[in-house]
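K.L.:
Would you mind keeping the following structure in view while I ask a few things?
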Amino acid sequence: GTGASNGTKSLVLSGLLYSTSYKVWINATDPIGSSLYMRKWYTFTTRANQPPNPPTITGPAKGKAGTAYDYNFIAIDPDGDEAYYFIDWGDNTNSSWIGPYTSGDEITESHTWSKKGNYAIKAKIKDIYEWESDWATLPVTMPYSYNPMHQFLEWLFQWFPNAFPILRHLLGV
């Protein structure tokens, strides 16, 4: 810029395409009138960007509803870019985009399912250039937790199928 002092200058370019060569004309002149100047073309090529690989999900595949479980996620971006994770827990909740994390780092997230059922944890990553991976999936089952009274009533109704019809209907057994 005009009136700039000695030193390193920066140029920020936006809107560049991947894997494309560009030429920039640099014109630097001594403002004091010493007739020192530099005029030169510089050529550079932007690098290619590849989408990240889907993350690997590890953790328990079975558990009890109401209990917190830890799950580990590892993803690698082929370009080594930092990445953000999006985790869908399969129960209408998600992590939104979290990060950034270094490519290849393992992260741990905890989740509690409030109801019994079969769920699918889905996760994907996006690099800092907004390129997204495919989804990775881990099926998870949260069965009933053990309830001795419920077990007893089921046994009782099996042995006496016609007894207590109103109670059977109310309990859904």
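Chain labels run A, B, ... following the order of the structure tokens; each chain numbers its residues from 1, and ligands are numbered from 1 in the order shown.
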Pull the strand (DSSP E or B) assignments for segment 66-160 of chain A out of DSSP run on the backbone, and list those residues as a PyMOL selection string.
P.N.:
chain A and resi 68-74+83-88+94-101+106-112+117-127+132+136-142
K.L.:
So which bits of segment 78-172 of chain A end up helix (DSSP H, G or I) when you DSSP the backbone, as a PyMOL selection string?
P.N.:
chain A and resi 148-159+165-171
K.L.:
Just give me the gap between atom CA of Asp88 of chain A and atom CA of Thr58 of chain A in Å, one decimal is fine.
P.N.:
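Computing it gives 14.4 Å between the two atoms.
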K.L.:
Could you pull the residues within 10 Å of Asp91 of chain A, counting only C-alpha atoms, minus those fewer than 4 positions along the same chain, as JSON, numbers by chain?
P.N.:
{"A": [112, 113, 114, 115, 117, 118, 119, 120, 121]}
K.L.:
Just the residues within 7 Å of Asp81 of chain A, please, counting only C-alpha atoms, with nothing from its chain fewer than 6 positions along; format it as a list of chain:residue names.
P.N.:
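Those residues are A:Ser103, A:Asp127, A:Ile128.
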K.L.:
For the selection just defined, write its residues with all heavy atoms to a file, as a compact mmCIF listing (two decimals), in the first residue's frame.
P.N.:
```txt
# COMPACT_ATOMS: atom_id res chain seq x y z
N SER A 103 -7.06 -33.97 12.20
CA SER A 103 -7.28 -35.21 11.47
C SER A 103 -6.57 -36.37 12.18
O SER A 103 -5.40 -36.27 12.52
CB SER A 103 -6.76 -35.08 10.04
OG SER A 103 -6.89 -36.28 9.34
N ASP A 127 -14.47 -31.07 6.54
CA ASP A 127 -13.20 -30.39 6.74
C ASP A 127 -13.41 -28.88 6.78
O ASP A 127 -14.54 -28.39 6.61
CB ASP A 127 -12.15 -30.82 5.69
CG ASP A 127 -12.48 -30.38 4.27
OD1 ASP A 127 -13.33 -29.49 4.08
OD2 ASP A 127 -11.87 -30.93 3.35
N ILE A 128 -12.35 -28.14 7.01
CA ILE A 128 -12.47 -26.69 7.17
C ILE A 128 -12.85 -26.00 5.88
O ILE A 128 -13.18 -24.81 5.88
CB ILE A 128 -11.17 -26.09 7.75
CG1 ILE A 128 -9.96 -26.43 6.87
CG2 ILE A 128 -10.96 -26.57 9.17
CD1 ILE A 128 -8.67 -25.77 7.30
```
K.L.:
Quick check, in Å to one decimal: how far apart do atom CA of Ser19 of chain A and atom CA of Gly80 of chain A lie?
P.N.:
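One can read the atom CA of Ser19 of chain A to atom CA of Gly80 of chain A distance as 16.5 Å.
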K.L.:
Which residue out of A:Tyr18, A:Leu156, A:Thr108, A:Ser133 has the minimum interatomic distance to Gly59 of chain A when only C-alpha atoms are used?
P.N.:
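For Gly59 of chain A, the nearest of the given residues is A:Thr108.
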K.L.:
So how far away is atom CA of Ile107 of chain A from atom CA of Tyr129 of chain A, in Å?
P.N.:
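Straight-line distance from atom CA of Tyr129 of chain A to atom CA of Ile107 of chain A works out to 20.5 Å.
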K.L.:
For Pro54 of chain A, please output as a VMD selection string all residues within 6 Å (counting only C-alpha atoms; exclusion window: fewer than 3 positions along the same chain).
P.N.:
chain A and resid 124 133 to 136
K.L.:
For the selection you just gave me, I'd like the residues written to a file as a tab-separated table (two decimals), in the first residue's frame, keeping N, CA, C and O atoms.
P.N.:
```
chain	number	residue	atom	x	y	z
A	124	LYS	N	-20.68	-38.07	10.78
A	124	LYS	CA	-19.93	-37.66	9.59
A	124	LYS	C	-19.05	-36.50	9.99
A	124	LYS	O	-19.22	-35.91	11.07
A	133	SER	N	-17.88	-35.86	4.64
A	133	SER	CA	-17.73	-37.30	4.42
A	133	SER	C	-19.10	-37.94	4.27
A	133	SER	O	-20.13	-37.30	4.48
A	134	ASP	N	-19.10	-39.22	3.93
A	134	ASP	CA	-20.33	-40.01	4.00
A	134	ASP	C	-20.61	-40.31	5.47
A	134	ASP	O	-19.76	-40.13	6.33
A	135	TRP	N	-21.81	-40.82	5.73
A	135	TRP	CA	-22.18	-41.19	7.10
A	135	TRP	C	-21.53	-42.53	7.48
A	135	TRP	O	-21.42	-43.43	6.66
A	136	ALA	N	-21.16	-42.64	8.73
A	136	ALA	CA	-20.78	-43.92	9.33
A	136	ALA	C	-21.90	-44.26	10.33
A	136	ALA	O	-22.52	-43.36	10.89
```
K.L.:
Have a look at A:Ser95, A:Thr56, A:Ser10, A:Asn162 and name the one nearest to Thr137 of chain A; count only C-alpha atoms.
P.N.:
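So, comparing all the options, the nearest one is A:Thr56.
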K.L.:
Can you pull out the residues contacting Ala28 of chain A? Cut-off 8 Å, using only C-alpha atoms, and skip same-chain residues under 6 positions away; I want them as an NGL selection string.
P.N.:
:A and (37-39)
